[in-house]
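Have a look at the structure below, then the notes.
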Amino acid sequence: MAKFKNKKVCRVCTYPIIFYKDAYWKPSTKKDKNGELIKYPLNIHYVDCASQAYMRGEDLWEVSRRPLSKLTQMRLAFR
């Protein structure tokens with residue numbers, strides 16, 4: 001299983017996203033050399049957190065770019 005090299009944190013539950021398969025991959029409108037849509041990993045867990053944000057009617061791109069608060073950053077540093 002492939003892991004992310006940089007630390008990714010879910011913006012919904014604030015738990016770390018470790019493996020590629022755990023992240024929500026959103027296709028963009030851009031295409032690569034082969035004509036396939038380019039997919040980007042968002043800072044959201046694929047299973048529960050993405051569906052929670054979708055059910056609340058939030059844009060997943062905006063949720064992924066949401067900044068972490070200073071308190072959350074300090075808590076994550078000591079996990």
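Each chain of the structure tokens is named A, B, ... in the order shown, its residues numbered from 1; ligands are numbered from 1 in display order.
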Name the residues of chain A that come out as strand (DSSP E or B) in a backbone DSSP run; write them as a ChimeraX atom specification.
/A:3-9,16-19,23-31,37-45
Let's have the selection written as a PDB file, in the first residue's frame, with C-alpha atoms.
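The resulting file, result_27.pdb, is reproduced below:
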ATOM      1  CA  LYS A   3       1.518   6.115   1.684  1.00  0.00           C
ATOM      2  CA  PHE A   4       1.525   9.896   1.358  1.00  0.00           C
ATOM      3  CA  LYS A   5       4.985  11.385   1.827  1.00  0.00           C
ATOM      4  CA  ASN A   6       3.643  14.574   3.420  1.00  0.00           C
ATOM      5  CA  LYS A   7       1.295  14.540   6.378  1.00  0.00           C
ATOM      6  CA  LYS A   8      -2.350  14.998   5.308  1.00  0.00           C
ATOM      7  CA  VAL A   9      -5.111  15.757   7.800  1.00  0.00           C
ATOM      8  CA  PRO A  16      -4.527  11.861   9.618  1.00  0.00           C
ATOM      9  CA  ILE A  17      -4.892  10.434   6.122  1.00  0.00           C
ATOM     10  CA  ILE A  18      -2.046   7.970   5.685  1.00  0.00           C
ATOM     11  CA  PHE A  19      -2.714   5.807   2.615  1.00  0.00           C
ATOM     12  CA  ALA A  23      -8.196   9.922   0.591  1.00  0.00           C
ATOM     13  CA  TYR A  24     -11.070  11.186  -1.539  1.00  0.00           C
ATOM     14  CA  TRP A  25      -9.816  11.673  -5.114  1.00  0.00           C
ATOM     15  CA  LYS A  26     -11.747  14.309  -7.065  1.00  0.00           C
ATOM     16  CA  PRO A  27     -11.455  14.460 -10.869  1.00  0.00           C
ATOM     17  CA  SER A  28     -10.776  17.878 -12.352  1.00  0.00           C
ATOM     18  CA  THR A  29     -11.756  19.287 -15.726  1.00  0.00           C
ATOM     19  CA  LYS A  30      -8.174  19.061 -17.026  1.00  0.00           C
ATOM     20  CA  LYS A  31      -6.941  16.067 -19.024  1.00  0.00           C
ATOM     21  CA  LEU A  37      -9.172  13.354 -16.383  1.00  0.00           C
ATOM     22  CA  ILE A  38      -6.551  14.280 -13.778  1.00  0.00           C
ATOM     23  CA  LYS A  39      -7.550  13.311 -10.222  1.00  0.00           C
ATOM     24  CA  TYR A  40      -6.430  15.207  -7.125  1.00  0.00           C
ATOM     25  CA  PRO A  41      -6.384  13.872  -3.551  1.00  0.00           C
ATOM     26  CA  LEU A  42      -8.464  16.037  -1.251  1.00  0.00           C
ATOM     27  CA  ASN A  43      -7.876  16.442   2.481  1.00  0.00           C
ATOM     28  CA  ILE A  44     -10.960  14.356   3.244  1.00  0.00           C
ATOM     29  CA  HIS A  45     -11.399  10.681   4.127  1.00  0.00           C
TER      30      HIS A  45
END
Nearest to A:Ala50, chosen from A:Glu62, A:Val12, A:Met1, A:Met74, with only C-alpha atoms counted in the distances:
A:Val12
Run DSSP on the backbone and tell me which residues of chain A come out as helix (DSSP H, G or I); list them as a ChimeraX atom specification.
/A:20-22,48-55,60-64,70-77
Just checking: using only C-alpha atoms, which residue out of A:Leu71, A:Asp32, A:Glu58, A:Leu76 ends up closest to A:Cys10?
A:Leu76
